[in-house]
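J.: So that we are looking at the same thing, I have put the structure below in C-alpha cells.
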Amino acid sequence: MLKRFNVKNVYSFAAREDGRSEEFSMIAGKVRSKKDHIYDDGKLKLLKFAAVYGANASGKSNLVKAMDLMRDIVLRGLPEGHTEKYCKVDPENKNRPSYFEIEILLGEKYYAYGFEVILSQSRFISEWLVELHADNTEKELFTRDIEEGKCTLGGELTKKGLKEKLEVYAEDISDDNSVLFLTIMNQNKKNLYTKYKSAAALNKVYSWIRNSLTIIYPNQPLSMYEYLSEAEQTEDICKLISAFGTGITHFEFVDVDIERILQDLSLTSRKELLRRLEEQQALIRKTNNVQKVNMAMRSKENFFIITLSRDEDIRCSTIEFTHGNKGIPFSLNEESDGTVRILDLLEILIAGENKTYVIDELDRCLHPMLSYKFVETFFRLAEKKNIQLIVTTHESRLMDFDLLRRDEIWFINKKKNGESDIYSLEEYNARFDQKIDKAYMEGRYGGVPIFSTIFPVGEE
C-alpha cells in the first residue's frame with residue numbers, strides 16, 4: 001500500500017519555500033469517524049481512498065503524471081521526452097536535480113525508495129532504499145552516490161555471500177549514471193532471489209511498482225476485463241453491473257475468428273498481441289502443469305479473450321451483453337460511454353489485495369450520482385481488502401462528510417508563478433456540519449478557477 005509520494009522539480013512541482021519536496025500522503029489524520037476507511041496494522045493508519053481537487057491546469061494531472069514518470073523510469077529507464085519534464089517555471093531548474101520518492105507497505109514492513117536525476121542531462125545523481133521503522137528510525141539497505149561512483153549496502157543486504165554478489169553488480173554500474181540499481185537488480189535475477197532470501201526487499205519494491213501500482217489516464221482503458229473472463233460467479237458480477245443503472249442483465253462470451261481480432265486492432269496492438277502469444281506459447285511448453293492460458297485484448301471498440309492450449313490450439317471469443325429480458329445481444333461498441341466507463345471501473349471493485357489504483361478524472365462520462373455511488377460501493381467492498389484508490393476529480397458532490405473523511409480530501413492549487421502546491425483539507429478546521437462542497441466552490445480552500453472578464457459589461 002502507498003504511504004507517501006514526494007516529488008520536486010517535476011512538471012509544475014517545484015521546491016517548497018524551505019526547499020522540501022511537495023508531498024502527497026495516505027497517512028490517516030486525526031479524524032475519528034469512518035474507521036472502516038483505513039488500514040490499521042497497529043503501527044500506522046493508512047487511508048484506502050483519496051480524492052484530489054483543483055482547477056483545470058492546477059496540477060492535478062501532473063501529480064498522476066509524476067507518479068507515472070517515476071514508475072516508467074524504474075521499469076523501463078528514462079522515457080522519450082524526459083529532458084523537458086523538469087519544472088520550467090524557473091529557468092534555473094533545468095540544471096537542478098528532480099526528486100522522486102515513494103514510501104510503501106510491503107507485508108509487515110515499510111520501505112522508502114527514491115532517486116534524484118537531472119532530467120535535462122539524462123543523469124542520475126543518487127538512489128536509495130530504506131527500511132522504515134515504527135519508532136521513526138530507519139535502516140539503509142542501499143545508498144548510491146552516483147557522481148562519486150559509490151554504493152553502500154546495509155541491513156539484510158550485507159549478509160555473507162549476498163553482499164559480495166551485490167557489490168559486483170554495483171561495481172558494474174559504478175560509472176554509469178544512466179541506470180538505476182533497483183532496475184538492474186530486477187533484470188534476469190530470479191535465481192539470486194531464490195538463493196538469497198535476505199535480498200527480497202529489492203525484488204518486492206520493484207514488483208510493487210510494476211504490479212501493484214496501476215495508473216490510468218482519462219482516455220486510456222482502465223481494464224482489459226480479465227475479471228469477466230476469470231469470474232466464477234457470473235451472476236454476482238451481473239448484479240454489480242446492473243446496480244449502477246447500466247441496464248445490463250447478463251453477459252456471455254461468443255466465439256470469433258482471430259482475423260476479426262486482428263481487424264479491430266491497430267498495427268502496434270497487433271505486434272503486441274503476436275509478442276504476447278509467442279511468450280505464452282513458450283510458457284506452456286516450459287511448464288508441465290500449465291494446460292492453457294487466457295489472454296485478454298482490448299481495442300477501442302471491443303474486448304477479446306484468447307485461449308491457448310497445450311496442443312497450441314488458439315480459441316478466440318468476444319463479449320456480448322444482454323439488456324432486459326428480451327435476450328438481444330449488444331457488443332461493447334454499442335454500449336454508451338458511461339456504461340463502458342463503469343465496466344472499466346468495476347475491475348477496482350473486484351480486484352484482489354494490495355493494489356493501489358491512481359485514476360485521473362474518475363468522473364469522466366459519469367453522472368454525478370453515479371460517481372458518488374461508485375465511491376460509496378468502493379468503501380463497502382474495501383472494508384474486507386487492503387486496496388487503495390486515489391482519484392483526481394471535479395465532482396464536488398463527493399465532498400460530503402457522510403461519504404468521505406476530512407483527510408481523504410486533497411487540493412492542488414497553482415500559484416501566480418505557475419508552481420503547484422499540494423495540501424489536504426486536514427490542514428483546515430472544517431466543521432463536520434459544514435457544506436464542504438459549497439465552501440470549496442466559493443474558493444475557501446483554493447484549487448478553483450479564477451476567471452477574468454471575457455466580455456466586459458457595457459461594451460457593445
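Naming works like this for the C-alpha cells: A, B, ... for the chains as they're shown, residue 1 at the start of each chain, ligands 1 onward in shown order.
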Applying 12 Å and only C-alpha atoms, which residues near Leu192 in chain A remain after dropping the ones on its own chain fewer than 2 positions away? List them as a VMD selection string.

T.: chain A and resid 161 to 163 165 to 166 169 185 to 190 194 to 200 202 to 203

J.: Report, in Å to a single decimal, how far apart CA of Leu332 in chain A and CA of Leu273 in chain A are.

T.: 19.7 Å

J.: Report the closest atom pair, with its distance in Å rounded to one decimal, for each residue of range 236-333 of chain A that has an atom no farther than 10 Å from range 361-380 of chain A; count only C-alpha atoms, sort by chain and then rising residue number, and write it as JSON lines.

T.:
```
{"residue": "A:Leu240", "atom": "CA", "partner": "A:Thr377", "partner_atom": "CA", "distance": 9.7}
{"residue": "A:Ala243", "atom": "CA", "partner": "A:Lys373", "partner_atom": "CA", "distance": 9.5}
{"residue": "A:Phe244", "atom": "CA", "partner": "A:Leu370", "partner_atom": "CA", "distance": 6.9}
{"residue": "A:Gly245", "atom": "CA", "partner": "A:Leu370", "partner_atom": "CA", "distance": 8.5}
```

J.: Tell me which protein, DNA and RNA residues are within 6 Å of Phe303 in chain A, counting only C-alpha atoms, leaving out same-chain ones fewer than 3 positions away, and put them as a PyMOL selection string.

T.: chain A and resi 297-298+318

J.: Give one line per residue of range 334-411 of chain A that approaches range 4-24 of chain A to at most 12 Å, naming the two atoms of the closest pair and their distance in Å to one decimal, counting only C-alpha atoms; sort by chain then ascending residue number and deliver it as a Markdown table.

T.:
```
| residue | atom | partner | partner_atom | distance |
| --- | --- | --- | --- | --- |
| A:Ile390 | CA | A:Phe24 | CA | 10.6 |
| A:Asp407 | CA | A:Phe24 | CA | 11.4 |
| A:Glu408 | CA | A:Phe24 | CA | 11.1 |
| A:Ile409 | CA | A:Phe24 | CA | 11.2 |
| A:Trp410 | CA | A:Phe24 | CA | 8.6 |
| A:Phe411 | CA | A:Phe24 | CA | 10.0 |
```

J.: Could you give me the residues within range 201-389 of chain A that DSSP places in alpha helix (DSSP H), as a PDB file with N, CA and C atoms, in the first residue's frame?

T.:
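And here is the file that came out, result_24.pdb:
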```pdb
ATOM      1  N   ALA A 201      13.803  -7.612  -0.420  1.00  0.00           N
ATOM      2  CA  ALA A 201      13.298  -6.234  -0.496  1.00  0.00           C
ATOM      3  C   ALA A 201      13.537  -5.622  -1.871  1.00  0.00           C
ATOM      4  N   LEU A 202      14.674  -5.937  -2.483  1.00  0.00           N
ATOM      5  CA  LEU A 202      14.993  -5.384  -3.805  1.00  0.00           C
ATOM      6  C   LEU A 202      13.967  -5.822  -4.842  1.00  0.00           C
ATOM      7  N   ASN A 203      13.528  -7.055  -4.725  1.00  0.00           N
ATOM      8  CA  ASN A 203      12.552  -7.590  -5.665  1.00  0.00           C
ATOM      9  C   ASN A 203      11.133  -7.162  -5.319  1.00  0.00           C
ATOM     10  N   LYS A 204      10.811  -7.110  -4.022  1.00  0.00           N
ATOM     11  CA  LYS A 204       9.452  -6.767  -3.605  1.00  0.00           C
ATOM     12  C   LYS A 204       9.092  -5.321  -3.925  1.00  0.00           C
ATOM     13  N   VAL A 205      10.033  -4.402  -3.704  1.00  0.00           N
ATOM     14  CA  VAL A 205       9.768  -2.992  -4.006  1.00  0.00           C
ATOM     15  C   VAL A 205       9.549  -2.806  -5.501  1.00  0.00           C
ATOM     16  N   TYR A 206      10.407  -3.414  -6.310  1.00  0.00           N
ATOM     17  CA  TYR A 206      10.269  -3.332  -7.768  1.00  0.00           C
ATOM     18  C   TYR A 206       8.944  -3.949  -8.215  1.00  0.00           C
ATOM     19  N   SER A 207       8.597  -5.109  -7.660  1.00  0.00           N
ATOM     20  CA  SER A 207       7.361  -5.797  -8.041  1.00  0.00           C
ATOM     21  C   SER A 207       6.130  -4.979  -7.669  1.00  0.00           C
ATOM     22  N   GLU A 226     -10.308  -8.783 -17.604  1.00  0.00           N
ATOM     23  CA  GLU A 226      -9.981 -10.127 -17.162  1.00  0.00           C
ATOM     24  C   GLU A 226     -10.959 -10.598 -16.088  1.00  0.00           C
ATOM     25  N   TYR A 227     -11.485  -9.652 -15.307  1.00  0.00           N
ATOM     26  CA  TYR A 227     -12.387 -10.043 -14.223  1.00  0.00           C
ATOM     27  C   TYR A 227     -13.636 -10.737 -14.766  1.00  0.00           C
ATOM     28  N   LEU A 228     -14.030 -10.420 -16.007  1.00  0.00           N
ATOM     29  CA  LEU A 228     -15.172 -11.098 -16.607  1.00  0.00           C
ATOM     30  C   LEU A 228     -14.784 -12.487 -17.103  1.00  0.00           C
ATOM     31  N   SER A 229     -13.602 -12.603 -17.680  1.00  0.00           N
ATOM     32  CA  SER A 229     -13.177 -13.882 -18.243  1.00  0.00           C
ATOM     33  C   SER A 229     -12.835 -14.902 -17.168  1.00  0.00           C
ATOM     34  N   THR A 234     -20.621 -15.440 -12.203  1.00  0.00           N
ATOM     35  CA  THR A 234     -21.117 -14.543 -13.238  1.00  0.00           C
ATOM     36  C   THR A 234     -22.354 -13.781 -12.774  1.00  0.00           C
ATOM     37  N   GLU A 235     -23.234 -14.463 -12.064  1.00  0.00           N
ATOM     38  CA  GLU A 235     -24.486 -13.837 -11.613  1.00  0.00           C
ATOM     39  C   GLU A 235     -24.208 -12.677 -10.666  1.00  0.00           C
ATOM     40  N   ASP A 236     -23.230 -12.853  -9.765  1.00  0.00           N
ATOM     41  CA  ASP A 236     -22.893 -11.782  -8.816  1.00  0.00           C
ATOM     42  C   ASP A 236     -22.349 -10.563  -9.536  1.00  0.00           C
ATOM     43  N   ILE A 237     -21.522 -10.797 -10.566  1.00  0.00           N
ATOM     44  CA  ILE A 237     -20.961  -9.671 -11.326  1.00  0.00           C
ATOM     45  C   ILE A 237     -22.059  -8.962 -12.104  1.00  0.00           C
ATOM     46  N   CYS A 238     -23.012  -9.727 -12.654  1.00  0.00           N
ATOM     47  CA  CYS A 238     -24.129  -9.105 -13.368  1.00  0.00           C
ATOM     48  C   CYS A 238     -24.940  -8.218 -12.435  1.00  0.00           C
ATOM     49  N   LYS A 239     -25.127  -8.657 -11.200  1.00  0.00           N
ATOM     50  CA  LYS A 239     -25.855  -7.847 -10.224  1.00  0.00           C
ATOM     51  C   LYS A 239     -25.113  -6.549  -9.947  1.00  0.00           C
ATOM     52  N   LEU A 240     -23.774  -6.646  -9.857  1.00  0.00           N
ATOM     53  CA  LEU A 240     -22.970  -5.460  -9.598  1.00  0.00           C
ATOM     54  C   LEU A 240     -23.048  -4.492 -10.766  1.00  0.00           C
ATOM     55  N   ILE A 241     -22.969  -5.014 -11.996  1.00  0.00           N
ATOM     56  CA  ILE A 241     -23.072  -4.170 -13.193  1.00  0.00           C
ATOM     57  C   ILE A 241     -24.448  -3.504 -13.253  1.00  0.00           C
ATOM     58  N   SER A 242     -25.474  -4.292 -12.983  1.00  0.00           N
ATOM     59  CA  SER A 242     -26.845  -3.781 -13.056  1.00  0.00           C
ATOM     60  C   SER A 242     -27.104  -2.725 -11.989  1.00  0.00           C
ATOM     61  N   ALA A 243     -26.460  -2.867 -10.818  1.00  0.00           N
ATOM     62  CA  ALA A 243     -26.675  -1.937  -9.707  1.00  0.00           C
ATOM     63  C   ALA A 243     -26.297  -0.505 -10.065  1.00  0.00           C
ATOM     64  N   ILE A 258      -9.872 -15.320 -35.267  1.00  0.00           N
ATOM     65  CA  ILE A 258      -8.758 -14.448 -34.900  1.00  0.00           C
ATOM     66  C   ILE A 258      -8.593 -13.309 -35.895  1.00  0.00           C
ATOM     67  N   GLU A 259      -9.046 -13.533 -37.153  1.00  0.00           N
ATOM     68  CA  GLU A 259      -8.975 -12.464 -38.149  1.00  0.00           C
ATOM     69  C   GLU A 259      -9.820 -11.262 -37.717  1.00  0.00           C
ATOM     70  N   ARG A 260     -10.944 -11.548 -37.032  1.00  0.00           N
ATOM     71  CA  ARG A 260     -11.803 -10.472 -36.534  1.00  0.00           C
ATOM     72  C   ARG A 260     -11.037  -9.623 -35.521  1.00  0.00           C
ATOM     73  N   ILE A 261     -10.257 -10.276 -34.680  1.00  0.00           N
ATOM     74  CA  ILE A 261      -9.480  -9.556 -33.679  1.00  0.00           C
ATOM     75  C   ILE A 261      -8.438  -8.678 -34.351  1.00  0.00           C
ATOM     76  N   LEU A 262      -7.710  -9.247 -35.306  1.00  0.00           N
ATOM     77  CA  LEU A 262      -6.649  -8.514 -35.984  1.00  0.00           C
ATOM     78  C   LEU A 262      -7.186  -7.286 -36.717  1.00  0.00           C
ATOM     79  N   GLN A 263      -8.399  -7.387 -37.269  1.00  0.00           N
ATOM     80  CA  GLN A 263      -9.002  -6.258 -37.965  1.00  0.00           C
ATOM     81  C   GLN A 263      -9.311  -5.109 -37.005  1.00  0.00           C
ATOM     82  N   ASP A 264      -9.667  -5.444 -35.775  1.00  0.00           N
ATOM     83  CA  ASP A 264     -10.052  -4.430 -34.796  1.00  0.00           C
ATOM     84  C   ASP A 264      -8.856  -3.730 -34.162  1.00  0.00           C
ATOM     85  N   LEU A 267      -1.947  -1.413 -35.725  1.00  0.00           N
ATOM     86  CA  LEU A 267      -0.725  -2.131 -36.080  1.00  0.00           C
ATOM     87  C   LEU A 267       0.130  -2.387 -34.844  1.00  0.00           C
ATOM     88  N   THR A 268       0.224  -1.385 -33.977  1.00  0.00           N
ATOM     89  CA  THR A 268       1.012  -1.545 -32.747  1.00  0.00           C
ATOM     90  C   THR A 268       0.427  -2.634 -31.863  1.00  0.00           C
ATOM     91  N   SER A 269      -0.905  -2.635 -31.737  1.00  0.00           N
ATOM     92  CA  SER A 269      -1.566  -3.637 -30.894  1.00  0.00           C
ATOM     93  C   SER A 269      -1.428  -5.035 -31.482  1.00  0.00           C
ATOM     94  N   ARG A 270      -1.432  -5.136 -32.817  1.00  0.00           N
ATOM     95  CA  ARG A 270      -1.239  -6.453 -33.447  1.00  0.00           C
ATOM     96  C   ARG A 270       0.136  -7.014 -33.117  1.00  0.00           C
ATOM     97  N   LYS A 271       1.148  -6.156 -33.212  1.00  0.00           N
ATOM     98  CA  LYS A 271       2.503  -6.600 -32.880  1.00  0.00           C
ATOM     99  C   LYS A 271       2.589  -7.031 -31.422  1.00  0.00           C
ATOM    100  N   GLU A 272       1.931  -6.269 -30.533  1.00  0.00           N
ATOM    101  CA  GLU A 272       1.918  -6.597 -29.117  1.00  0.00           C
ATOM    102  C   GLU A 272       1.223  -7.932 -28.885  1.00  0.00           C
ATOM    103  N   LEU A 273       0.115  -8.179 -29.602  1.00  0.00           N
ATOM    104  CA  LEU A 273      -0.615  -9.443 -29.475  1.00  0.00           C
ATOM    105  C   LEU A 273       0.263 -10.613 -29.901  1.00  0.00           C
ATOM    106  N   LEU A 274       0.931 -10.482 -31.034  1.00  0.00           N
ATOM    107  CA  LEU A 274       1.791 -11.568 -31.516  1.00  0.00           C
ATOM    108  C   LEU A 274       2.940 -11.835 -30.549  1.00  0.00           C
ATOM    109  N   ARG A 275       3.484 -10.761 -29.970  1.00  0.00           N
ATOM    110  CA  ARG A 275       4.564 -10.929 -28.992  1.00  0.00           C
ATOM    111  C   ARG A 275       4.074 -11.687 -27.773  1.00  0.00           C
ATOM    112  N   ARG A 276       2.903 -11.319 -27.280  1.00  0.00           N
ATOM    113  CA  ARG A 276       2.351 -11.984 -26.102  1.00  0.00           C
ATOM    114  C   ARG A 276       1.986 -13.434 -26.394  1.00  0.00           C
ATOM    115  N   LEU A 277       1.484 -13.706 -27.597  1.00  0.00           N
ATOM    116  CA  LEU A 277       1.172 -15.085 -27.993  1.00  0.00           C
ATOM    117  C   LEU A 277       2.421 -15.960 -27.961  1.00  0.00           C
ATOM    118  N   GLU A 278       3.518 -15.421 -28.499  1.00  0.00           N
ATOM    119  CA  GLU A 278       4.775 -16.177 -28.501  1.00  0.00           C
ATOM    120  C   GLU A 278       5.258 -16.440 -27.076  1.00  0.00           C
ATOM    121  N   GLU A 279       5.152 -15.438 -26.202  1.00  0.00           N
ATOM    122  CA  GLU A 279       5.579 -15.599 -24.811  1.00  0.00           C
ATOM    123  C   GLU A 279       4.761 -16.667 -24.097  1.00  0.00           C
ATOM    124  N   GLN A 280       3.446 -16.630 -24.291  1.00  0.00           N
ATOM    125  CA  GLN A 280       2.580 -17.581 -23.604  1.00  0.00           C
ATOM    126  C   GLN A 280       2.755 -19.001 -24.133  1.00  0.00           C
ATOM    127  N   GLN A 281       2.986 -19.122 -25.442  1.00  0.00           N
ATOM    128  CA  GLN A 281       3.246 -20.449 -26.009  1.00  0.00           C
ATOM    129  C   GLN A 281       4.531 -21.033 -25.443  1.00  0.00           C
ATOM    130  N   ALA A 282       5.548 -20.195 -25.293  1.00  0.00           N
ATOM    131  CA  ALA A 282       6.807 -20.642 -24.705  1.00  0.00           C
ATOM    132  C   ALA A 282       6.602 -21.062 -23.249  1.00  0.00           C
ATOM    133  N   LEU A 283       5.749 -20.319 -22.526  1.00  0.00           N
ATOM    134  CA  LEU A 283       5.464 -20.655 -21.133  1.00  0.00           C
ATOM    135  C   LEU A 283       4.789 -22.015 -21.011  1.00  0.00           C
ATOM    136  N   ILE A 284       3.835 -22.282 -21.865  1.00  0.00           N
ATOM    137  CA  ILE A 284       3.123 -23.568 -21.827  1.00  0.00           C
ATOM    138  C   ILE A 284       4.086 -24.716 -22.110  1.00  0.00           C
ATOM    139  N   ARG A 285       4.998 -24.516 -23.062  1.00  0.00           N
ATOM    140  CA  ARG A 285       5.955 -25.585 -23.396  1.00  0.00           C
ATOM    141  C   ARG A 285       6.890 -25.880 -22.236  1.00  0.00           C
ATOM    142  N   LYS A 286       7.276 -24.827 -21.497  1.00  0.00           N
ATOM    143  CA  LYS A 286       8.247 -24.988 -20.410  1.00  0.00           C
ATOM    144  C   LYS A 286       7.621 -25.532 -19.132  1.00  0.00           C
ATOM    145  N   ASP A 337     -20.882   5.501 -23.525  1.00  0.00           N
ATOM    146  CA  ASP A 337     -19.587   5.803 -22.921  1.00  0.00           C
ATOM    147  C   ASP A 337     -19.628   5.621 -21.409  1.00  0.00           C
ATOM    148  N   GLY A 338     -20.752   5.988 -20.798  1.00  0.00           N
ATOM    149  CA  GLY A 338     -20.890   5.848 -19.350  1.00  0.00           C
ATOM    150  C   GLY A 338     -20.882   4.394 -18.918  1.00  0.00           C
ATOM    151  N   THR A 339     -21.551   3.534 -19.694  1.00  0.00           N
ATOM    152  CA  THR A 339     -21.568   2.104 -19.367  1.00  0.00           C
ATOM    153  C   THR A 339     -20.178   1.505 -19.510  1.00  0.00           C
ATOM    154  N   VAL A 340     -19.473   1.878 -20.585  1.00  0.00           N
ATOM    155  CA  VAL A 340     -18.111   1.371 -20.782  1.00  0.00           C
ATOM    156  C   VAL A 340     -17.211   1.838 -19.642  1.00  0.00           C
ATOM    157  N   ARG A 341     -17.414   3.090 -19.193  1.00  0.00           N
ATOM    158  CA  ARG A 341     -16.613   3.605 -18.081  1.00  0.00           C
ATOM    159  C   ARG A 341     -16.862   2.787 -16.805  1.00  0.00           C
ATOM    160  N   ILE A 342     -18.128   2.460 -16.538  1.00  0.00           N
ATOM    161  CA  ILE A 342     -18.448   1.637 -15.369  1.00  0.00           C
ATOM    162  C   ILE A 342     -17.838   0.251 -15.504  1.00  0.00           C
ATOM    163  N   LEU A 343     -17.908  -0.339 -16.685  1.00  0.00           N
ATOM    164  CA  LEU A 343     -17.311  -1.664 -16.901  1.00  0.00           C
ATOM    165  C   LEU A 343     -15.811  -1.615 -16.658  1.00  0.00           C
ATOM    166  N   ASP A 344     -15.180  -0.501 -17.048  1.00  0.00           N
ATOM    167  CA  ASP A 344     -13.755  -0.311 -16.779  1.00  0.00           C
ATOM    168  C   ASP A 344     -13.494  -0.269 -15.274  1.00  0.00           C
ATOM    169  N   LEU A 345     -14.278   0.549 -14.582  1.00  0.00           N
ATOM    170  CA  LEU A 345     -14.035   0.783 -13.158  1.00  0.00           C
ATOM    171  C   LEU A 345     -14.354  -0.420 -12.284  1.00  0.00           C
ATOM    172  N   LEU A 346     -15.184  -1.331 -12.781  1.00  0.00           N
ATOM    173  CA  LEU A 346     -15.556  -2.487 -11.969  1.00  0.00           C
ATOM    174  C   LEU A 346     -14.354  -3.330 -11.567  1.00  0.00           C
ATOM    175  N   GLU A 347     -13.290  -3.284 -12.360  1.00  0.00           N
ATOM    176  CA  GLU A 347     -12.091  -4.048 -12.007  1.00  0.00           C
ATOM    177  C   GLU A 347     -11.598  -3.663 -10.608  1.00  0.00           C
ATOM    178  N   ILE A 348     -11.728  -2.383 -10.272  1.00  0.00           N
ATOM    179  CA  ILE A 348     -11.271  -1.915  -8.965  1.00  0.00           C
ATOM    180  C   ILE A 348     -12.072  -2.577  -7.854  1.00  0.00           C
ATOM    181  N   LEU A 349     -13.377  -2.713  -8.066  1.00  0.00           N
ATOM    182  CA  LEU A 349     -14.237  -3.284  -7.042  1.00  0.00           C
ATOM    183  C   LEU A 349     -14.031  -4.786  -6.885  1.00  0.00           C
ATOM    184  N   ILE A 350     -13.548  -5.420  -7.940  1.00  0.00           N
ATOM    185  CA  ILE A 350     -13.385  -6.875  -7.910  1.00  0.00           C
ATOM    186  C   ILE A 350     -11.934  -7.273  -7.668  1.00  0.00           C
ATOM    187  N   PRO A 368     -23.068  12.608 -11.877  1.00  0.00           N
ATOM    188  CA  PRO A 368     -22.603  12.876 -10.516  1.00  0.00           C
ATOM    189  C   PRO A 368     -23.059  11.837  -9.491  1.00  0.00           C
ATOM    190  N   MET A 369     -24.318  11.377  -9.593  1.00  0.00           N
ATOM    191  CA  MET A 369     -24.821  10.384  -8.645  1.00  0.00           C
ATOM    192  C   MET A 369     -24.115   9.043  -8.832  1.00  0.00           C
ATOM    193  N   LEU A 370     -23.717   8.757 -10.068  1.00  0.00           N
ATOM    194  CA  LEU A 370     -23.023   7.501 -10.340  1.00  0.00           C
ATOM    195  C   LEU A 370     -21.613   7.526  -9.761  1.00  0.00           C
ATOM    196  N   SER A 371     -20.940   8.686  -9.857  1.00  0.00           N
ATOM    197  CA  SER A 371     -19.612   8.825  -9.249  1.00  0.00           C
ATOM    198  C   SER A 371     -19.708   8.619  -7.739  1.00  0.00           C
ATOM    199  N   TYR A 372     -20.722   9.213  -7.134  1.00  0.00           N
ATOM    200  CA  TYR A 372     -20.937   9.096  -5.684  1.00  0.00           C
ATOM    201  C   TYR A 372     -21.178   7.634  -5.315  1.00  0.00           C
ATOM    202  N   LYS A 373     -22.033   6.962  -6.068  1.00  0.00           N
ATOM    203  CA  LYS A 373     -22.363   5.563  -5.761  1.00  0.00           C
ATOM    204  C   LYS A 373     -21.143   4.666  -5.930  1.00  0.00           C
ATOM    205  N   PHE A 374     -20.313   4.959  -6.938  1.00  0.00           N
ATOM    206  CA  PHE A 374     -19.125   4.135  -7.145  1.00  0.00           C
ATOM    207  C   PHE A 374     -18.190   4.224  -5.941  1.00  0.00           C
ATOM    208  N   VAL A 375     -17.929   5.448  -5.473  1.00  0.00           N
ATOM    209  CA  VAL A 375     -17.038   5.617  -4.313  1.00  0.00           C
ATOM    210  C   VAL A 375     -17.658   4.971  -3.078  1.00  0.00           C
ATOM    211  N   GLU A 376     -18.962   5.125  -2.923  1.00  0.00           N
ATOM    212  CA  GLU A 376     -19.665   4.516  -1.798  1.00  0.00           C
ATOM    213  C   GLU A 376     -19.524   2.994  -1.835  1.00  0.00           C
ATOM    214  N   THR A 377     -19.660   2.414  -3.030  1.00  0.00           N
ATOM    215  CA  THR A 377     -19.516   0.964  -3.186  1.00  0.00           C
ATOM    216  C   THR A 377     -18.081   0.524  -2.939  1.00  0.00           C
ATOM    217  N   PHE A 378     -17.126   1.336  -3.390  1.00  0.00           N
ATOM    218  CA  PHE A 378     -15.717   1.024  -3.140  1.00  0.00           C
ATOM    219  C   PHE A 378     -15.455   0.881  -1.643  1.00  0.00           C
ATOM    220  N   PHE A 379     -15.952   1.823  -0.854  1.00  0.00           N
ATOM    221  CA  PHE A 379     -15.722   1.762   0.588  1.00  0.00           C
ATOM    222  C   PHE A 379     -16.315   0.500   1.200  1.00  0.00           C
ATOM    223  N   ARG A 380     -17.486   0.115   0.729  1.00  0.00           N
ATOM    224  CA  ARG A 380     -18.129  -1.076   1.290  1.00  0.00           C
ATOM    225  C   ARG A 380     -17.304  -2.341   0.991  1.00  0.00           C
ATOM    226  N   LEU A 381     -16.813  -2.452  -0.226  1.00  0.00           N
ATOM    227  CA  LEU A 381     -16.032  -3.629  -0.600  1.00  0.00           C
ATOM    228  C   LEU A 381     -14.613  -3.577  -0.043  1.00  0.00           C
ATOM    229  N   ALA A 382     -14.066  -2.348   0.117  1.00  0.00           N
ATOM    230  CA  ALA A 382     -12.695  -2.199   0.612  1.00  0.00           C
ATOM    231  C   ALA A 382     -12.565  -2.508   2.092  1.00  0.00           C
TER     232      ALA A 382
END
```

J.: Hey, can you check how far CA of Leu47 in chain A sits from CA of Thr356 in chain A?

T.: 11.1 Å

J.: Considering only strand (DSSP E or B) as DSSP defines it on the backbone, what residues of range 236-379 of chain A qualify? List them as an NGL selection string.

T.: :A and (248-255 or 292-298 or 303-309 or 314-323 or 329-331 or 355-359)

J.: Can you write out the residues you just picked, keeping C-alpha atoms, as an mmCIF file, in the first residue's frame?

T.:
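New file result_37.cif:
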```cif
data_model
loop_
_atom_site.group_PDB
_atom_site.id
_atom_site.type_symbol
_atom_site.label_atom_id
_atom_site.label_comp_id
_atom_site.auth_asym_id
_atom_site.auth_seq_id
_atom_site.Cartn_x
_atom_site.Cartn_y
_atom_site.Cartn_z
ATOM 1 C CA ILE A 248 -27.170 -4.919 -18.434
ATOM 2 C CA THR A 249 -28.695 -8.093 -17.032
ATOM 3 C CA HIS A 250 -26.375 -10.749 -18.490
ATOM 4 C CA PHE A 251 -23.152 -11.223 -20.449
ATOM 5 C CA GLU A 252 -21.654 -14.151 -22.309
ATOM 6 C CA PHE A 253 -18.645 -14.996 -24.431
ATOM 7 C CA VAL A 254 -19.109 -15.721 -28.140
ATOM 8 C CA ASP A 255 -16.517 -17.419 -30.348
ATOM 9 C CA LYS A 292 -3.981 -23.483 -21.046
ATOM 10 C CA VAL A 293 -3.547 -19.717 -20.737
ATOM 11 C CA ASN A 294 -6.154 -16.962 -21.097
ATOM 12 C CA MET A 295 -5.133 -13.609 -22.587
ATOM 13 C CA ALA A 296 -7.291 -10.500 -22.672
ATOM 14 C CA MET A 297 -7.003 -7.989 -25.529
ATOM 15 C CA ARG A 298 -8.765 -4.640 -25.687
ATOM 16 C CA PHE A 303 -12.806 -6.823 -25.974
ATOM 17 C CA PHE A 304 -11.437 -10.274 -26.715
ATOM 18 C CA ILE A 305 -10.304 -13.365 -24.840
ATOM 19 C CA ILE A 306 -7.699 -15.578 -26.477
ATOM 20 C CA THR A 307 -7.181 -19.071 -25.019
ATOM 21 C CA LEU A 308 -4.002 -21.010 -25.781
ATOM 22 C CA SER A 309 -3.949 -24.747 -25.037
ATOM 23 C CA ILE A 314 -5.978 -20.980 -30.297
ATOM 24 C CA ARG A 315 -9.571 -20.154 -29.368
ATOM 25 C CA CYS A 316 -10.885 -16.592 -29.536
ATOM 26 C CA SER A 317 -14.040 -15.070 -28.112
ATOM 27 C CA THR A 318 -15.612 -11.685 -27.560
ATOM 28 C CA ILE A 319 -18.165 -10.459 -25.055
ATOM 29 C CA GLU A 320 -21.827 -9.672 -25.608
ATOM 30 C CA PHE A 321 -24.242 -8.040 -23.180
ATOM 31 C CA THR A 322 -27.970 -8.571 -22.743
ATOM 32 C CA HIS A 323 -30.330 -5.801 -21.642
ATOM 33 C CA PRO A 329 -27.121 -9.195 -27.573
ATOM 34 C CA PHE A 330 -25.092 -5.960 -27.697
ATOM 35 C CA SER A 331 -21.349 -5.696 -28.288
ATOM 36 C CA LYS A 355 -3.470 -2.921 -5.337
ATOM 37 C CA THR A 356 -3.145 0.864 -5.498
ATOM 38 C CA TYR A 357 -5.137 2.467 -8.316
ATOM 39 C CA VAL A 358 -4.486 6.063 -9.377
ATOM 40 C CA ILE A 359 -7.237 7.323 -11.694
#
```

J.: Can you tell me how far CA of Met1 in chain A sits from CA of Gln388 in chain A, in Å to one decimal?

T.: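 Going from CA of Met1 in chain A over to CA of Gln388 in chain A, I get 7.0 Å.
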
J.: Counting only C-alpha atoms, what is within 12 Å of Asp41 in chain A, bar same-chain residues fewer than 3 positions away, as JSON, numbers by chain?

T.: {"A": [1, 38, 44, 45, 46, 47, 105, 106, 107, 108, 109, 110, 134, 386]}

J.: Excluding same-chain residues fewer than 5 positions from Glu80 in chain A, what lies within 12 Å of it counting only C-alpha atoms, as number ranges by chain?

T.: A: 69, 72-73, 85, 119-120, 122
